[in-house]
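Below is one structure, written out as structure tokens; comments come after it.
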Amino acid sequence: MEATEATDTSEHVIEVTDLRRVYRGGFEAVRGVTFHVDRGEIFALLGTNGAGKTSTVELLEGLAPPDGGHVRVLGHDPYTGRAAVRPRTGVMLQEGGFPSELTVGETARMWAGCVSGARPVREALALVGLEQRTDVRVKQLSGGERRRLDLALALLGEPEVLFLDEPTTGLDAEGRRDTWELVRTLRDGGTTVLLTTHYLEEAEGLADRLAILHEGRVAAAGTPAEVTASRPSRISFELPTGYFPGDLPPLAGLGVVEHETDGRVVRLRTHELQRTATELLLWARRAGVELRGLDVRSASLEEAFLDIARDASAPRTKEYAA
């Protein structure tokens, strides 16, 4: 281990500081990303296509050296210290690329031969519900079953750190829920999990903390609740007959930070949802009118994600803490 590296006794199992990655031609895919992942936590990386998720994860997995900044996994540089890191990590890529003529069991046994201290193949397959498909050729598996095989192989070495790149793509609803439960069980057993996903419900339900990447930078990070709390809630309703937007009480006084109208429909955004909704309903009662189509919604991770994706000037901060 290099003298400048931290030992792996740190609670920060993954440490990323001002990370940069530049591809041939000068395209900078990762532009100063900083975050950390604590021991025994599930951390999600989100972002639109081209946001830098896969480029970042490949650097964490030691597949390439960074062009700037530093990354440590279990206290080691995952590229120069690959021999120290790789036996303690599991990796599930977006696509496994296994030989199609091998059976599920043969594929798992072949992979187990490359893993130090591999758990029994049958146990790994049972974890993902493939124990009854051992003798089936890989080419005969459905897309969802292939993803489950990918996950089983990533778990063969009982990893301390598990990288999951789009782990539930192609799974049906039941398979997705089963995978979520397995990931939670691994986390509760002490495994540190870093995953990328396009399913915002998955990130919101699984992740202890997350980071949203935008154009190669961290645009927002924290717990799912912290990220959503930074976004305004929404209220929409139809104006009563004979009323116009100017007839409403002063919106700023209701805590409204943004509003728009679409014909008779009014849409409000507020950081004080309860107060805004209460004052609006009190006004309607005093006026003796009904607010048809009333819809009151708290901010969601989806809204935060879409706001960032739409806004190239979203606030960016180099360091985010839990």
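Here's how to read the names in the structure tokens: chain A, B, ... by the order shown, residue numbers from 1 in each chain, ligand numbers from 1 in the order shown.
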Skip A:Arg184 itself and residues of its chain fewer than 3 positions away, then list as a ChimeraX atom specification all residues within 10 Å of it, counting only C-alpha atoms.
/A:41-42,178-181,187-191,193,206-207
Within 10 Å of A:Arg119, counting only C-alpha atoms, which residues show up once you throw out same-chain ones fewer than 2 positions away? Write them as a ChimeraX atom specification, please.
/A:112,115-117,121-124,155-158
Got time to write the residues from that selection, N, CA and C atoms, as a PDB file, in the first residue's frame?
ATOM      1  N   ALA A 112     -16.498 -18.864 -10.014  1.00  0.00           N
ATOM      2  CA  ALA A 112     -16.042 -19.143  -8.651  1.00  0.00           C
ATOM      3  C   ALA A 112     -14.559 -19.520  -8.636  1.00  0.00           C
ATOM      4  N   VAL A 115     -12.387 -16.538  -8.025  1.00  0.00           N
ATOM      5  CA  VAL A 115     -12.688 -15.736  -6.838  1.00  0.00           C
ATOM      6  C   VAL A 115     -12.056 -16.367  -5.609  1.00  0.00           C
ATOM      7  N   SER A 116     -11.415 -15.539  -4.791  1.00  0.00           N
ATOM      8  CA  SER A 116     -10.827 -16.038  -3.552  1.00  0.00           C
ATOM      9  C   SER A 116     -11.924 -16.262  -2.518  1.00  0.00           C
ATOM     10  N   GLY A 117     -11.915 -17.454  -1.907  1.00  0.00           N
ATOM     11  CA  GLY A 117     -12.878 -17.744  -0.850  1.00  0.00           C
ATOM     12  C   GLY A 117     -14.320 -17.676  -1.305  1.00  0.00           C
ATOM     13  N   VAL A 121     -21.575 -22.331  -4.932  1.00  0.00           N
ATOM     14  CA  VAL A 121     -22.315 -21.866  -6.097  1.00  0.00           C
ATOM     15  C   VAL A 121     -23.816 -21.963  -5.875  1.00  0.00           C
ATOM     16  N   ARG A 122     -24.269 -23.072  -5.303  1.00  0.00           N
ATOM     17  CA  ARG A 122     -25.709 -23.250  -5.082  1.00  0.00           C
ATOM     18  C   ARG A 122     -26.255 -22.157  -4.166  1.00  0.00           C
ATOM     19  N   GLU A 123     -25.473 -21.772  -3.164  1.00  0.00           N
ATOM     20  CA  GLU A 123     -25.902 -20.712  -2.244  1.00  0.00           C
ATOM     21  C   GLU A 123     -26.039 -19.379  -2.974  1.00  0.00           C
ATOM     22  N   ALA A 124     -25.053 -19.063  -3.835  1.00  0.00           N
ATOM     23  CA  ALA A 124     -25.099 -17.804  -4.574  1.00  0.00           C
ATOM     24  C   ALA A 124     -26.306 -17.756  -5.508  1.00  0.00           C
ATOM     25  N   LEU A 155     -21.790 -11.722  -6.102  1.00  0.00           N
ATOM     26  CA  LEU A 155     -21.873 -12.059  -4.685  1.00  0.00           C
ATOM     27  C   LEU A 155     -21.055 -13.287  -4.310  1.00  0.00           C
ATOM     28  N   LEU A 156     -20.448 -13.949  -5.290  1.00  0.00           N
ATOM     29  CA  LEU A 156     -19.730 -15.191  -5.017  1.00  0.00           C
ATOM     30  C   LEU A 156     -18.630 -15.009  -3.972  1.00  0.00           C
ATOM     31  N   GLY A 157     -17.925 -13.902  -4.026  1.00  0.00           N
ATOM     32  CA  GLY A 157     -16.801 -13.699  -3.118  1.00  0.00           C
ATOM     33  C   GLY A 157     -17.174 -13.093  -1.776  1.00  0.00           C
ATOM     34  N   GLU A 158     -18.472 -13.016  -1.462  1.00  0.00           N
ATOM     35  CA  GLU A 158     -18.949 -12.378  -0.230  1.00  0.00           C
ATOM     36  C   GLU A 158     -18.252 -11.027  -0.031  1.00  0.00           C
TER      37      GLU A 158
END
For atom CA of A:Glu15 and atom CA of A:Val37, determine how far apart the two atoms are, in Å to one decimal place.
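According to the coordinates, atom CA of A:Glu15 and atom CA of A:Val37 are separated by 6.6 Å.
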Please identify all polymer residues within 6 Å of A:Met92, counting only C-alpha atoms, omitting same-chain residues fewer than 3 positions from it, and present them as a ChimeraX atom specification.
/A:150-151,154,164-165
List every residue of stretch 24-170 of chain A that DSSP, applied to the backbone of this structure, assigns to alpha helix (DSSP H), and report them as a PyMOL selection string.
chain A and resi 53-60+82-85+104-112+121-127+143-154
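Proximity of A:Leu301, A:Ala83, A:Ala44, A:Gln94 to A:Leu200, computed with only C-alpha atoms, is greatest for A:Leu301.
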Could you state the separation of atom CA of A:Glu145 and atom CA of A:Leu213 in Å, given to one decimal place?
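Answer for the atom CA of A:Glu145 to atom CA of A:Leu213 separation: 29.3 Å.
Nearest residue to A:Glu303 among A:Thr241, A:Thr276, A:Thr270, A:Ser233 is A:Ser233, counting only C-alpha atoms.
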In Å, rounded to a single decimal, give me how far atom CA of A:Glu58 is from atom CA of A:Tyr79.
10.0 Å
Excluding A:Gly255 and any residue of its chain fewer than 2 positions from it, enumerate the residues within 12 Å of it, using only C-alpha atoms, and give them as a PyMOL selection string.
chain A and resi 232-235+249-253+257-259+268-280
Written selection (C-alpha atoms) as a CSV table (one decimal), in the first residue's frame:
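File produced: part_32.csv:
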chain,number,residue,atom,x,y,z
A,232,PRO,CA,-40.8,23.1,-3.6
A,233,SER,CA,-44.1,21.2,-3.1
A,234,ARG,CA,-46.9,21.7,-5.6
A,235,ILE,CA,-50.6,22.7,-5.4
A,249,PRO,CA,-55.1,36.4,-1.8
A,250,PRO,CA,-51.5,37.7,-2.4
A,251,LEU,CA,-49.6,34.5,-3.2
A,252,ALA,CA,-46.3,35.7,-1.7
A,253,GLY,CA,-48.2,36.0,1.6
A,257,VAL,CA,-42.4,30.9,-4.5
A,258,GLU,CA,-43.6,30.3,-8.1
A,259,HIS,CA,-47.0,30.2,-9.9
A,268,LEU,CA,-48.4,26.9,-7.2
A,269,ARG,CA,-45.0,25.9,-5.8
A,270,THR,CA,-44.2,26.4,-2.2
A,271,HIS,CA,-41.7,25.4,0.5
A,272,GLU,CA,-44.4,25.8,3.1
A,273,LEU,CA,-46.9,23.2,1.9
A,274,GLN,CA,-49.1,23.1,5.0
A,275,ARG,CA,-49.4,26.8,5.5
A,276,THR,CA,-50.0,27.5,1.8
A,277,ALA,CA,-52.7,24.8,1.5
A,278,THR,CA,-54.4,25.9,4.8
A,279,GLU,CA,-54.5,29.5,3.8
A,280,LEU,CA,-55.8,28.7,0.4
I need the residue nearest A:Thr169 from this list: A:Glu106, A:Leu93, A:Val16, A:Ala221. Use only C-alpha atoms for the distance.
A:Leu93
Measuring atom to atom with only C-alpha atoms, identify which of A:Ala29, A:Leu282, A:Ala304, A:Ala126 is nearest to A:Ala152.
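Looking only at the distances to A:Ala152, the closest residue turns out to be A:Ala126.
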With distances taken over only C-alpha atoms, which residue among A:Ala220, A:Ser142, A:Gly25, A:Arg147 lies nearest A:Asp307?
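Of A:Ala220, A:Ser142, A:Gly25, A:Arg147, the one nearest A:Asp307, counting only C-alpha atoms, is A:Ala220.
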